[in-house]
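Undergrad: So here's final.cif, just mmCIF, C-alpha atoms:
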```cif
data_input
loop_
_atom_site.label_atom_id
_atom_site.label_comp_id
_atom_site.auth_asym_id
_atom_site.auth_seq_id
_atom_site.Cartn_x
_atom_site.Cartn_y
_atom_site.Cartn_z
CA MET A 1 0.00 0.00 0.00
CA ILE A 2 2.61 2.58 0.95
CA GLY A 3 4.78 4.00 -1.79
CA ARG A 4 7.62 6.52 -1.62
CA LEU A 5 8.85 8.15 1.55
CA ASN A 6 7.60 11.66 0.87
CA HIS A 7 9.52 13.31 3.72
CA VAL A 8 10.99 13.02 7.20
CA ALA A 9 9.86 15.83 9.51
CA ILE A 10 12.21 17.26 12.14
CA ALA A 11 10.83 19.62 14.80
CA VAL A 12 13.32 22.38 15.60
CA PRO A 13 13.50 25.06 18.31
CA ASP A 14 15.19 27.60 16.01
CA LEU A 15 14.20 27.46 12.34
CA GLU A 16 16.89 29.83 11.05
CA ALA A 17 19.65 28.03 12.92
CA ALA A 18 18.46 24.66 11.62
CA ALA A 19 18.23 25.94 8.04
CA ALA A 20 21.72 27.45 8.30
CA GLN A 21 23.14 24.21 9.68
CA TYR A 22 21.66 22.13 6.84
CA ARG A 23 22.72 24.69 4.25
CA SER A 24 26.28 25.35 5.39
CA ALA A 25 27.43 22.35 7.43
CA LEU A 26 25.62 19.66 5.38
CA GLY A 27 25.59 21.54 2.05
CA ALA A 28 21.92 20.76 1.38
CA ASN A 29 19.41 22.53 -0.86
CA VAL A 30 17.31 24.40 1.73
CA GLY A 31 14.07 26.19 0.75
CA GLU A 32 12.32 29.22 2.19
CA PRO A 33 10.04 29.21 5.28
CA GLN A 34 6.32 28.70 4.56
CA ASP A 35 3.63 29.41 7.14
CA GLU A 36 0.97 26.69 7.38
CA PRO A 37 -1.63 28.28 9.66
CA ASP A 38 -4.09 25.38 9.22
CA HIS A 39 -1.47 23.05 10.72
CA GLY A 40 0.03 25.43 13.29
CA VAL A 41 3.53 25.19 11.85
CA THR A 42 6.07 27.07 9.77
CA VAL A 43 7.95 24.65 7.51
CA ILE A 44 11.13 24.66 5.48
CA PHE A 45 11.66 21.89 2.95
CA ILE A 46 15.14 20.57 2.27
CA GLU A 47 15.34 18.89 -1.14
CA LEU A 48 17.46 15.76 -1.27
CA PRO A 49 17.90 13.85 -4.56
CA ASN A 50 15.34 11.19 -3.55
CA THR A 51 13.11 12.72 -0.85
CA LYS A 52 12.70 15.75 1.41
CA ILE A 53 13.43 16.77 4.98
CA GLU A 54 10.71 19.00 6.47
CA LEU A 55 11.88 21.31 9.25
CA LEU A 56 8.91 22.12 11.52
CA TYR A 57 8.64 25.14 13.80
CA PRO A 58 5.57 26.09 15.88
CA LEU A 59 3.17 28.71 14.50
CA GLY A 60 0.78 30.04 17.12
CA ASP A 61 0.15 29.19 20.77
CA ASP A 62 -1.68 25.92 20.13
CA SER A 63 0.72 24.49 17.59
CA PRO A 64 0.59 20.67 17.61
CA ILE A 65 4.37 20.55 17.96
CA ASN A 66 4.61 22.69 21.13
CA GLY A 67 4.28 19.60 23.31
CA PHE A 68 6.94 17.74 21.33
CA LEU A 69 9.40 20.62 21.72
CA GLU A 70 8.66 20.86 25.45
CA LYS A 71 9.63 17.19 25.78
CA ASN A 72 12.54 17.54 23.33
CA PRO A 73 13.92 21.07 23.76
CA SER A 74 16.78 20.51 21.28
CA GLY A 75 14.29 19.25 18.67
CA GLY A 76 14.01 15.79 17.16
CA ILE A 77 12.58 13.64 14.40
CA HIS A 78 8.82 14.17 14.56
CA HIS A 79 7.25 11.95 11.88
CA VAL A 80 7.70 10.12 8.59
CA CYS A 81 5.34 10.61 5.64
CA TYR A 82 4.56 7.78 3.24
CA GLU A 83 2.79 8.30 -0.07
CA VAL A 84 -0.40 6.40 -0.96
CA ASP A 85 -2.45 6.38 -4.14
CA ASP A 86 -5.86 6.50 -2.47
CA ILE A 87 -5.97 7.89 1.04
CA LEU A 88 -9.54 6.82 1.81
CA ALA A 89 -8.88 3.24 0.72
CA ALA A 90 -5.64 3.25 2.75
CA ARG A 91 -7.48 4.61 5.79
CA ASP A 92 -10.22 2.00 5.60
CA GLN A 93 -7.72 -0.84 5.15
CA LEU A 94 -5.63 0.40 8.09
CA LYS A 95 -8.68 0.73 10.32
CA GLU A 96 -9.67 -2.83 9.45
CA SER A 97 -6.18 -3.97 10.49
CA GLY A 98 -6.74 -2.32 13.87
CA ALA A 99 -4.58 0.79 13.38
CA ARG A 100 -5.93 4.05 14.77
CA VAL A 101 -6.28 7.17 12.63
CA LEU A 102 -5.78 10.46 14.51
CA GLY A 103 -8.38 13.24 14.63
CA ASN A 104 -11.84 12.67 13.18
CA GLY A 105 -10.52 10.25 10.54
CA GLU A 106 -11.13 12.65 7.66
CA PRO A 107 -8.11 13.74 5.60
CA LYS A 108 -6.88 17.32 5.95
CA ILE A 109 -5.03 19.26 3.27
CA GLY A 110 -1.29 19.08 4.00
CA ALA A 111 1.70 21.32 3.31
CA HIS A 112 1.80 20.20 -0.34
CA GLY A 113 -1.91 20.93 -0.94
CA LYS A 114 -2.75 17.21 -0.92
CA PRO A 115 -4.91 15.12 1.47
CA VAL A 116 -3.10 13.78 4.52
CA LEU A 117 -3.88 11.64 7.57
CA PHE A 118 -1.87 10.74 10.66
CA LEU A 119 -1.73 7.29 12.29
CA HIS A 120 -1.36 6.67 16.01
CA PRO A 121 2.33 6.25 17.02
CA LYS A 122 1.42 3.45 19.45
CA ASP A 123 0.36 1.31 16.49
CA PHE A 124 3.66 1.89 14.63
CA GLN A 125 6.52 1.31 17.11
CA GLY A 126 6.36 4.80 18.61
CA THR A 127 6.57 6.44 15.19
CA LEU A 128 4.07 9.06 14.10
CA VAL A 129 3.16 8.13 10.51
CA GLU A 130 1.65 10.59 8.04
CA LEU A 131 0.02 9.32 4.85
CA GLU A 132 -0.21 11.65 1.88
CA GLN A 133 -2.23 10.98 -1.25
CA VAL A 134 -0.18 11.75 -4.35
CA MET B 135 27.68 17.68 0.54
CA ILE B 136 24.90 15.29 1.53
CA GLY B 137 23.20 13.32 -1.21
CA ARG B 138 20.34 10.83 -0.99
CA LEU B 139 18.57 9.85 2.20
CA ASN B 140 19.86 6.29 2.46
CA HIS B 141 17.45 5.23 5.22
CA VAL B 142 15.43 6.18 8.27
CA ALA B 143 16.12 3.91 11.26
CA ILE B 144 13.35 3.00 13.70
CA ALA B 145 14.24 1.26 16.97
CA VAL B 146 11.60 -1.32 17.89
CA PRO B 147 10.95 -3.40 21.02
CA ASP B 148 9.61 -6.37 19.02
CA LEU B 149 11.19 -6.97 15.63
CA GLU B 150 8.71 -9.58 14.41
CA ALA B 151 5.70 -7.49 15.40
CA ALA B 152 7.15 -4.44 13.67
CA ALA B 153 7.95 -6.40 10.51
CA ALA B 154 4.44 -7.88 10.48
CA GLN B 155 2.86 -4.45 10.91
CA TYR B 156 4.83 -2.97 8.01
CA ARG B 157 4.17 -6.03 5.85
CA SER B 158 0.46 -6.49 6.50
CA ALA B 159 -0.97 -3.16 7.65
CA LEU B 160 1.20 -0.92 5.43
CA GLY B 161 1.74 -3.41 2.60
CA ALA B 162 5.48 -2.76 2.41
CA ASN B 163 8.31 -4.89 1.03
CA VAL B 164 9.91 -6.17 4.25
CA GLY B 165 13.24 -8.06 4.21
CA GLU B 166 14.68 -10.72 6.50
CA PRO B 167 16.43 -10.05 9.85
CA GLN B 168 20.21 -9.64 9.67
CA ASP B 169 22.44 -9.75 12.76
CA GLU B 170 25.06 -7.01 12.86
CA PRO B 171 27.21 -8.05 15.83
CA ASP B 172 29.76 -5.25 15.21
CA HIS B 173 26.97 -2.72 15.75
CA GLY B 174 25.04 -4.56 18.46
CA VAL B 175 21.81 -4.67 16.46
CA THR B 176 19.63 -6.95 14.41
CA VAL B 177 18.18 -5.08 11.43
CA ILE B 178 15.40 -5.56 8.94
CA PHE B 179 15.34 -3.36 5.85
CA ILE B 180 12.04 -2.26 4.35
CA GLU B 181 12.44 -1.32 0.70
CA LEU B 182 10.41 1.69 -0.42
CA PRO B 183 10.56 2.87 -4.05
CA ASN B 184 12.95 5.74 -3.20
CA THR B 185 14.68 4.83 0.09
CA LYS B 186 14.67 2.32 2.96
CA ILE B 187 13.35 2.03 6.49
CA GLU B 188 15.73 0.18 8.82
CA LEU B 189 14.10 -1.55 11.78
CA LEU B 190 16.62 -1.83 14.64
CA TYR B 191 16.48 -4.31 17.48
CA PRO B 192 19.14 -4.77 20.21
CA LEU B 193 21.68 -7.59 19.78
CA GLY B 194 23.61 -8.30 22.96
CA ASP B 195 23.62 -6.72 26.40
CA ASP B 196 25.58 -3.61 25.45
CA SER B 197 23.65 -2.77 22.30
CA PRO B 198 23.85 0.98 21.58
CA ILE B 199 20.05 1.10 21.28
CA ASN B 200 19.28 -0.35 24.72
CA GLY B 201 19.29 3.13 26.26
CA PHE B 202 17.02 4.49 23.53
CA LEU B 203 14.48 1.70 24.10
CA GLU B 204 14.61 2.25 27.87
CA LYS B 205 13.65 5.90 27.29
CA ASN B 206 11.19 4.99 24.50
CA PRO B 207 9.70 1.60 25.41
CA SER B 208 7.31 1.62 22.42
CA GLY B 209 10.19 2.34 20.06
CA GLY B 210 10.76 5.43 17.95
CA ILE B 211 12.67 7.01 15.09
CA HIS B 212 16.34 6.58 15.98
CA HIS B 213 18.37 8.24 13.21
CA VAL B 214 18.51 9.36 9.58
CA CYS B 215 21.30 8.32 7.24
CA TYR B 216 22.52 10.62 4.46
CA GLU B 217 24.82 9.46 1.67
CA VAL B 218 28.12 11.21 0.96
CA ASP B 219 30.68 10.63 -1.79
CA ASP B 220 33.77 10.92 0.41
CA ILE B 221 33.27 10.26 4.11
CA LEU B 222 36.69 11.52 5.22
CA ALA B 223 36.28 14.80 3.33
CA ALA B 224 32.75 15.14 4.76
CA ARG B 225 34.04 14.45 8.29
CA ASP B 226 36.81 17.03 8.03
CA GLN B 227 34.47 19.67 6.60
CA LEU B 228 31.90 19.01 9.36
CA LYS B 229 34.53 19.19 12.08
CA GLU B 230 35.72 22.53 10.67
CA SER B 231 32.12 23.79 10.86
CA GLY B 232 32.08 22.86 14.56
CA ALA B 233 29.99 19.67 14.34
CA ARG B 234 31.04 16.78 16.58
CA VAL B 235 31.68 13.30 15.20
CA LEU B 236 30.83 10.46 17.61
CA GLY B 237 33.32 7.80 18.71
CA ASN B 238 36.97 8.12 17.75
CA GLY B 239 36.17 9.93 14.51
CA GLU B 240 37.20 7.01 12.31
CA PRO B 241 34.54 5.47 10.03
CA LYS B 242 33.20 2.01 10.88
CA ILE B 243 31.79 -0.44 8.38
CA GLY B 244 27.98 -0.17 8.43
CA ALA B 245 25.12 -2.55 7.73
CA HIS B 246 25.64 -2.19 3.95
CA GLY B 247 29.38 -2.97 4.16
CA LYS B 248 30.27 0.69 3.56
CA PRO B 249 32.05 3.23 5.79
CA VAL B 250 29.77 5.14 8.16
CA LEU B 251 30.07 7.86 10.82
CA PHE B 252 27.60 9.32 13.29
CA LEU B 253 27.26 13.03 14.15
CA HIS B 254 26.28 14.39 17.55
CA PRO B 255 22.49 14.95 17.83
CA LYS B 256 23.00 18.20 19.75
CA ASP B 257 24.59 19.72 16.65
CA PHE B 258 21.64 18.69 14.41
CA GLN B 259 18.44 19.72 16.20
CA GLY B 260 18.26 16.64 18.39
CA THR B 261 18.60 14.32 15.39
CA LEU B 262 21.19 11.57 15.29
CA VAL B 263 22.70 11.76 11.77
CA GLU B 264 24.56 8.89 10.14
CA LEU B 265 26.72 9.52 7.08
CA GLU B 266 27.38 6.64 4.71
CA GLN B 267 29.91 6.70 1.90
CA VAL B 268 28.39 5.29 -1.31
#
```
Represent the supplied structure as structure tokens.

TA:
Amino acid sequence: MIGRLNHVAIAVPDLEAAAAQYRSALGANVGEPQDEPDHGVTVIFIELPNTKIELLYPLGDDSPINGFLEKNPSGGIHHVCYEVDDILAARDQLKESGARVLGNGEPKIGAHGKPVLFLHPKDFQGTLVELEQV
Amino acid sequence: MIGRLNHVAIAVPDLEAAAAQYRSALGANVGEPQDEPDHGVTVIFIELPNTKIELLYPLGDDSPINGFLEKNPSGGIHHVCYEVDDILAARDQLKESGARVLGNGEPKIGAHGKPVLFLHPKDFQGTLVELEQV
């Protein structure tokens, strides 16, 4: 069911410092910050030859990553995003297998303008999994 | 400097359960367990169309992931691995930029039989970064 790894998301306490570190120390192709008010985050995408790194920084007081950064003040890897062809079919199949979908179970529109869903980390070895329909 | 994302490593408390979940719930192409005694882990690679997921399970009493699993009993994303062309040149450039290389600074041979190094998570937003020469 899952296809490509669309991105790995890393929550960071200082977006400019993280972008500078990836650009200068690691020599990566680092994009510009984009505010995603519907998701409570500002993101920067780092383009690698085969996938992307998404730097995540809180936007607003009730950002969903505030809690993560409180627990991990230096930042850390927040989630992985796998691509699927049909997000509703994937959701229904996962629910049948016993996996829990976060929120109300309806896809939201993600940072790439495409439908996304998140799966419960407890069902995937402590890993928050995002599915994105491509 | 960095090229492709070679893999994302996920430490898991139950390797068979994790492999079954990726195989059946997520429909992924899951390999067979390989013991890596030099690294104190048993690994399973999951082949995605553009990269790999590496499931990590402790091998031996002094496995380097025992501490991680004590802190994260359900498991969690352990590190990301970026490819580089020349690991010694990458190491020297990173050290000049102020980033710390773990261990004695000399590459070890990784799970793919290629030289690898790990960078200090505090220098990369709480993310453990592996470099692999390809």

Undergrad: What are the closest atom pairs, with distances in Å to one decimal, for each residue of segment 24-115 of chain A lying within 8 Å of segment 119-133 of chain A, using all atoms listed in the file, rows by chain and rising residue number, as a tab-separated table?

TA:
```
residue	atom	partner	partner_atom	distance
A:His78	CA	A:Leu128	CA	7.0
A:His79	CA	A:Leu128	CA	4.8
A:Val80	CA	A:Val129	CA	5.3
A:Cys81	CA	A:Glu130	CA	4.4
A:Tyr82	CA	A:Leu131	CA	5.1
A:Glu83	CA	A:Glu132	CA	4.9
A:Val84	CA	A:Gln133	CA	4.9
A:Asp85	CA	A:Gln133	CA	5.4
A:Asp86	CA	A:Gln133	CA	5.9
A:Ile87	CA	A:Gln133	CA	5.4
A:Ala99	CA	A:Asp123	CA	5.9
A:Arg100	CA	A:His120	CA	5.4
A:Val101	CA	A:Leu119	CA	4.6
A:Leu102	CA	A:Leu119	CA	5.6
A:Gly110	CA	A:Glu132	CA	7.8
A:Lys114	CA	A:Gln133	CA	6.3
A:Pro115	CA	A:Gln133	CA	5.6
```

Undergrad: Mind running chain B against chain A at 7 Å and telling me each contacting residue's nearest atom pair with the distance in Å (one decimal), counting all atoms listed in the file, chain and number ascending, as a Markdown table?

TA:
```
| residue | atom | partner | partner_atom | distance |
| --- | --- | --- | --- | --- |
| B:Met135 | CA | A:Gly27 | CA | 4.6 |
| B:Ile136 | CA | A:Leu26 | CA | 5.9 |
| B:Gly137 | CA | A:Leu48 | CA | 6.2 |
| B:Arg138 | CA | A:Pro49 | CA | 5.3 |
| B:Leu139 | CA | A:Asn50 | CA | 6.7 |
| B:Val146 | CA | A:Gln125 | CA | 5.8 |
| B:Ala152 | CA | A:Gln125 | CA | 6.7 |
| B:Ala159 | CA | A:Leu94 | CA | 5.9 |
| B:Leu160 | CA | A:Met1 | CA | 5.6 |
| B:Gly161 | CA | A:Met1 | CA | 4.6 |
| B:Ala162 | CA | A:Ile2 | CA | 6.2 |
| B:Leu182 | CA | A:Arg4 | CA | 5.7 |
| B:Pro183 | CA | A:Arg4 | CA | 5.3 |
| B:Asn184 | CA | A:Arg4 | CA | 5.6 |
| B:Thr185 | CA | A:Leu5 | CA | 6.9 |
| B:Ser208 | CA | A:Gly126 | CA | 5.1 |
| B:Gly209 | CA | A:Gly126 | CA | 4.8 |
| B:Gly210 | CA | A:Gly126 | CA | 4.5 |
| B:Ile211 | CA | A:Thr127 | CA | 6.1 |
| B:Leu228 | CA | A:Ala25 | CA | 5.9 |
| B:Ser231 | CA | A:Ala25 | CA | 6.0 |
| B:Lys256 | CA | A:Ser74 | CA | 6.8 |
| B:Gln259 | CA | A:Gly75 | CA | 4.9 |
| B:Gly260 | CA | A:Gly76 | CA | 4.5 |
| B:Thr261 | CA | A:Gly76 | CA | 5.1 |
```

Undergrad: If I take atom CA of Gly201 of chain B and atom CA of Ile180 of chain B, how far is one from the other in Å, to one decimal?

TA: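 Atom CA of Ile180 of chain B lies at a distance of 23.7 Å from atom CA of Gly201 of chain B.
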
Undergrad: Taking (17.5, -2.3, 8.1) in the coordinates of the supplied file, I want to know which residues reach to within 6 Å of it, counting only C-alpha atoms; could you give the answer as a ChimeraX atom specification?

TA: /B:177-179,188-189

Undergrad: Quick one: pull the distance between atom CA of Pro167 of chain B and atom CA of Leu193 of chain B, Å, one decimal.

TA: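 Computed distance, atom CA of Pro167 of chain B to atom CA of Leu193 of chain B, equals 11.5 Å.
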
Undergrad: Matching every Cα in sequence order between the two identical chains, what are the coordinates of chain B once fitted onto chain A? Write them as a PDB file with C-alpha atoms, keeping the file's coordinate frame.

TA:
```
ATOM      1  CA  MET B 135       0.011  -0.002   0.026  1.00  0.00           C
ATOM      2  CA  ILE B 136       2.629   2.586   0.958  1.00  0.00           C
ATOM      3  CA  GLY B 137       4.791   3.991  -1.803  1.00  0.00           C
ATOM      4  CA  ARG B 138       7.617   6.523  -1.621  1.00  0.00           C
ATOM      5  CA  LEU B 139       8.851   8.157   1.553  1.00  0.00           C
ATOM      6  CA  ASN B 140       7.596  11.673   0.873  1.00  0.00           C
ATOM      7  CA  HIS B 141       9.534  13.309   3.722  1.00  0.00           C
ATOM      8  CA  VAL B 142      11.007  13.029   7.192  1.00  0.00           C
ATOM      9  CA  ALA B 143       9.870  15.843   9.506  1.00  0.00           C
ATOM     10  CA  ILE B 144      12.214  17.274  12.136  1.00  0.00           C
ATOM     11  CA  ALA B 145      10.825  19.622  14.795  1.00  0.00           C
ATOM     12  CA  VAL B 146      13.320  22.379  15.599  1.00  0.00           C
ATOM     13  CA  PRO B 147      13.479  25.059  18.308  1.00  0.00           C
ATOM     14  CA  ASP B 148      15.180  27.587  16.000  1.00  0.00           C
ATOM     15  CA  LEU B 149      14.192  27.464  12.345  1.00  0.00           C
ATOM     16  CA  GLU B 150      16.883  29.816  11.050  1.00  0.00           C
ATOM     17  CA  ALA B 151      19.653  28.021  12.924  1.00  0.00           C
ATOM     18  CA  ALA B 152      18.458  24.660  11.630  1.00  0.00           C
ATOM     19  CA  ALA B 153      18.223  25.929   8.052  1.00  0.00           C
ATOM     20  CA  ALA B 154      21.714  27.432   8.304  1.00  0.00           C
ATOM     21  CA  GLN B 155      23.144  24.187   9.672  1.00  0.00           C
ATOM     22  CA  TYR B 156      21.656  22.119   6.845  1.00  0.00           C
ATOM     23  CA  ARG B 157      22.715  24.691   4.252  1.00  0.00           C
ATOM     24  CA  SER B 158      26.273  25.336   5.399  1.00  0.00           C
ATOM     25  CA  ALA B 159      27.438  22.332   7.417  1.00  0.00           C
ATOM     26  CA  LEU B 160      25.627  19.653   5.368  1.00  0.00           C
ATOM     27  CA  GLY B 161      25.604  21.512   2.044  1.00  0.00           C
ATOM     28  CA  ALA B 162      21.936  20.773   1.374  1.00  0.00           C
ATOM     29  CA  ASN B 163      19.409  22.532  -0.855  1.00  0.00           C
ATOM     30  CA  VAL B 164      17.321  24.407   1.731  1.00  0.00           C
ATOM     31  CA  GLY B 165      14.075  26.193   0.761  1.00  0.00           C
ATOM     32  CA  GLU B 166      12.322  29.235   2.198  1.00  0.00           C
ATOM     33  CA  PRO B 167      10.031  29.224   5.278  1.00  0.00           C
ATOM     34  CA  GLN B 168       6.327  28.722   4.563  1.00  0.00           C
ATOM     35  CA  ASP B 169       3.619  29.414   7.155  1.00  0.00           C
ATOM     36  CA  GLU B 170       0.973  26.706   7.372  1.00  0.00           C
ATOM     37  CA  PRO B 171      -1.620  28.287   9.675  1.00  0.00           C
ATOM     38  CA  ASP B 172      -4.079  25.376   9.220  1.00  0.00           C
ATOM     39  CA  HIS B 173      -1.460  23.055  10.712  1.00  0.00           C
ATOM     40  CA  GLY B 174       0.027  25.437  13.276  1.00  0.00           C
ATOM     41  CA  VAL B 175       3.544  25.197  11.856  1.00  0.00           C
ATOM     42  CA  THR B 176       6.071  27.053   9.777  1.00  0.00           C
ATOM     43  CA  VAL B 177       7.961  24.646   7.517  1.00  0.00           C
ATOM     44  CA  ILE B 178      11.122  24.661   5.475  1.00  0.00           C
ATOM     45  CA  PHE B 179      11.655  21.885   2.946  1.00  0.00           C
ATOM     46  CA  ILE B 180      15.138  20.562   2.265  1.00  0.00           C
ATOM     47  CA  GLU B 181      15.331  18.898  -1.136  1.00  0.00           C
ATOM     48  CA  LEU B 182      17.468  15.759  -1.275  1.00  0.00           C
ATOM     49  CA  PRO B 183      17.899  13.869  -4.566  1.00  0.00           C
ATOM     50  CA  ASN B 184      15.354  11.189  -3.561  1.00  0.00           C
ATOM     51  CA  THR B 185      13.120  12.714  -0.854  1.00  0.00           C
ATOM     52  CA  LYS B 186      12.698  15.751   1.412  1.00  0.00           C
ATOM     53  CA  ILE B 187      13.421  16.770   4.980  1.00  0.00           C
ATOM     54  CA  GLU B 188      10.720  19.010   6.463  1.00  0.00           C
ATOM     55  CA  LEU B 189      11.868  21.330   9.241  1.00  0.00           C
ATOM     56  CA  LEU B 190       8.915  22.137  11.529  1.00  0.00           C
ATOM     57  CA  TYR B 191       8.626  25.141  13.794  1.00  0.00           C
ATOM     58  CA  PRO B 192       5.559  26.097  15.897  1.00  0.00           C
ATOM     59  CA  LEU B 193       3.173  28.728  14.494  1.00  0.00           C
ATOM     60  CA  GLY B 194       0.756  30.031  17.102  1.00  0.00           C
ATOM     61  CA  ASP B 195       0.152  29.178  20.740  1.00  0.00           C
ATOM     62  CA  ASP B 196      -1.676  25.907  20.127  1.00  0.00           C
ATOM     63  CA  SER B 197       0.733  24.482  17.574  1.00  0.00           C
ATOM     64  CA  PRO B 198       0.592  20.661  17.602  1.00  0.00           C
ATOM     65  CA  ILE B 199       4.387  20.548  17.964  1.00  0.00           C
ATOM     66  CA  ASN B 200       4.602  22.675  21.120  1.00  0.00           C
ATOM     67  CA  GLY B 201       4.280  19.578  23.307  1.00  0.00           C
ATOM     68  CA  PHE B 202       6.946  17.734  21.321  1.00  0.00           C
ATOM     69  CA  LEU B 203       9.404  20.625  21.727  1.00  0.00           C
ATOM     70  CA  GLU B 204       8.644  20.844  25.457  1.00  0.00           C
ATOM     71  CA  LYS B 205       9.625  17.170  25.791  1.00  0.00           C
ATOM     72  CA  ASN B 206      12.527  17.540  23.321  1.00  0.00           C
ATOM     73  CA  PRO B 207      13.903  21.069  23.761  1.00  0.00           C
ATOM     74  CA  SER B 208      16.753  20.488  21.273  1.00  0.00           C
ATOM     75  CA  GLY B 209      14.291  19.257  18.665  1.00  0.00           C
ATOM     76  CA  GLY B 210      14.025  15.796  17.157  1.00  0.00           C
ATOM     77  CA  ILE B 211      12.588  13.639  14.399  1.00  0.00           C
ATOM     78  CA  HIS B 212       8.829  14.176  14.565  1.00  0.00           C
ATOM     79  CA  HIS B 213       7.257  11.957  11.891  1.00  0.00           C
ATOM     80  CA  VAL B 214       7.700  10.126   8.589  1.00  0.00           C
ATOM     81  CA  CYS B 215       5.352  10.625   5.660  1.00  0.00           C
ATOM     82  CA  TYR B 216       4.570   7.791   3.238  1.00  0.00           C
ATOM     83  CA  GLU B 217       2.782   8.324  -0.069  1.00  0.00           C
ATOM     84  CA  VAL B 218      -0.384   6.411  -0.947  1.00  0.00           C
ATOM     85  CA  ASP B 219      -2.444   6.380  -4.141  1.00  0.00           C
ATOM     86  CA  ASP B 220      -5.860   6.487  -2.469  1.00  0.00           C
ATOM     87  CA  ILE B 221      -5.967   7.888   1.052  1.00  0.00           C
ATOM     88  CA  LEU B 222      -9.544   6.819   1.813  1.00  0.00           C
ATOM     89  CA  ALA B 223      -8.882   3.233   0.718  1.00  0.00           C
ATOM     90  CA  ALA B 224      -5.643   3.249   2.750  1.00  0.00           C
ATOM     91  CA  ARG B 225      -7.487   4.615   5.806  1.00  0.00           C
ATOM     92  CA  ASP B 226     -10.219   1.988   5.618  1.00  0.00           C
ATOM     93  CA  GLN B 227      -7.719  -0.845   5.156  1.00  0.00           C
ATOM     94  CA  LEU B 228      -5.630   0.402   8.112  1.00  0.00           C
ATOM     95  CA  LYS B 229      -8.675   0.729  10.340  1.00  0.00           C
ATOM     96  CA  GLU B 230      -9.672  -2.847   9.456  1.00  0.00           C
ATOM     97  CA  SER B 231      -6.174  -3.981  10.488  1.00  0.00           C
ATOM     98  CA  GLY B 232      -6.731  -2.323  13.879  1.00  0.00           C
ATOM     99  CA  ALA B 233      -4.580   0.792  13.369  1.00  0.00           C
ATOM    100  CA  ARG B 234      -5.937   4.056  14.775  1.00  0.00           C
ATOM    101  CA  VAL B 235      -6.282   7.175  12.635  1.00  0.00           C
ATOM    102  CA  LEU B 236      -5.794  10.457  14.529  1.00  0.00           C
ATOM    103  CA  GLY B 237      -8.387  13.241  14.643  1.00  0.00           C
ATOM    104  CA  ASN B 238     -11.833  12.671  13.178  1.00  0.00           C
ATOM    105  CA  GLY B 239     -10.539  10.259  10.547  1.00  0.00           C
ATOM    106  CA  GLU B 240     -11.142  12.657   7.664  1.00  0.00           C
ATOM    107  CA  PRO B 241      -8.117  13.751   5.592  1.00  0.00           C
ATOM    108  CA  LYS B 242      -6.878  17.334   5.936  1.00  0.00           C
ATOM    109  CA  ILE B 243      -5.034  19.253   3.261  1.00  0.00           C
ATOM    110  CA  GLY B 244      -1.289  19.064   3.993  1.00  0.00           C
ATOM    111  CA  ALA B 245       1.686  21.303   3.309  1.00  0.00           C
ATOM    112  CA  HIS B 246       1.792  20.179  -0.353  1.00  0.00           C
ATOM    113  CA  GLY B 247      -1.918  20.921  -0.926  1.00  0.00           C
ATOM    114  CA  LYS B 248      -2.757  17.201  -0.914  1.00  0.00           C
ATOM    115  CA  PRO B 249      -4.924  15.132   1.458  1.00  0.00           C
ATOM    116  CA  VAL B 250      -3.099  13.779   4.508  1.00  0.00           C
ATOM    117  CA  LEU B 251      -3.880  11.647   7.575  1.00  0.00           C
ATOM    118  CA  PHE B 252      -1.876  10.757  10.662  1.00  0.00           C
ATOM    119  CA  LEU B 253      -1.745   7.304  12.297  1.00  0.00           C
ATOM    120  CA  HIS B 254      -1.363   6.674  16.015  1.00  0.00           C
ATOM    121  CA  PRO B 255       2.319   6.247  17.024  1.00  0.00           C
ATOM    122  CA  LYS B 256       1.444   3.443  19.449  1.00  0.00           C
ATOM    123  CA  ASP B 257       0.363   1.302  16.500  1.00  0.00           C
ATOM    124  CA  PHE B 258       3.659   1.910  14.617  1.00  0.00           C
ATOM    125  CA  GLN B 259       6.502   1.317  17.082  1.00  0.00           C
ATOM    126  CA  GLY B 260       6.369   4.778  18.604  1.00  0.00           C
ATOM    127  CA  THR B 261       6.568   6.439  15.184  1.00  0.00           C
ATOM    128  CA  LEU B 262       4.077   9.067  14.105  1.00  0.00           C
ATOM    129  CA  VAL B 263       3.166   8.145  10.496  1.00  0.00           C
ATOM    130  CA  GLU B 264       1.649  10.595   8.036  1.00  0.00           C
ATOM    131  CA  LEU B 265       0.014   9.324   4.852  1.00  0.00           C
ATOM    132  CA  GLU B 266      -0.197  11.655   1.874  1.00  0.00           C
ATOM    133  CA  GLN B 267      -2.229  10.986  -1.244  1.00  0.00           C
ATOM    134  CA  VAL B 268      -0.176  11.746  -4.377  1.00  0.00           C
TER     135      VAL B 268
END
```

Undergrad: I want to know what sits within 10 Å of Lys108 of chain A, based on all atoms listed in the file, with residues of the same chain fewer than 5 positions away left out; could you give that as a PDB file with C-alpha atoms, in the frame of the given file?

TA:
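And here is the file that came out, result_1.pdb:
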```pdb
ATOM      1  CA  ASP A  38      -4.090  25.380   9.220  1.00  0.00           C
ATOM      2  CA  HIS A  39      -1.470  23.050  10.720  1.00  0.00           C
ATOM      3  CA  GLY A 103      -8.380  13.240  14.630  1.00  0.00           C
ATOM      4  CA  GLY A 113      -1.910  20.930  -0.940  1.00  0.00           C
ATOM      5  CA  LYS A 114      -2.750  17.210  -0.920  1.00  0.00           C
ATOM      6  CA  PRO A 115      -4.910  15.120   1.470  1.00  0.00           C
ATOM      7  CA  VAL A 116      -3.100  13.780   4.520  1.00  0.00           C
ATOM      8  CA  LEU A 117      -3.880  11.640   7.570  1.00  0.00           C
ATOM      9  CA  PHE A 118      -1.870  10.740  10.660  1.00  0.00           C
ATOM     10  CA  GLU A 132      -0.210  11.650   1.880  1.00  0.00           C
TER      11      GLU A 132
END
```

Undergrad: So how many Å separate atom CA of Gly165 of chain B and atom CA of Phe202 of chain B, to one decimal?

TA: 23.3 Å
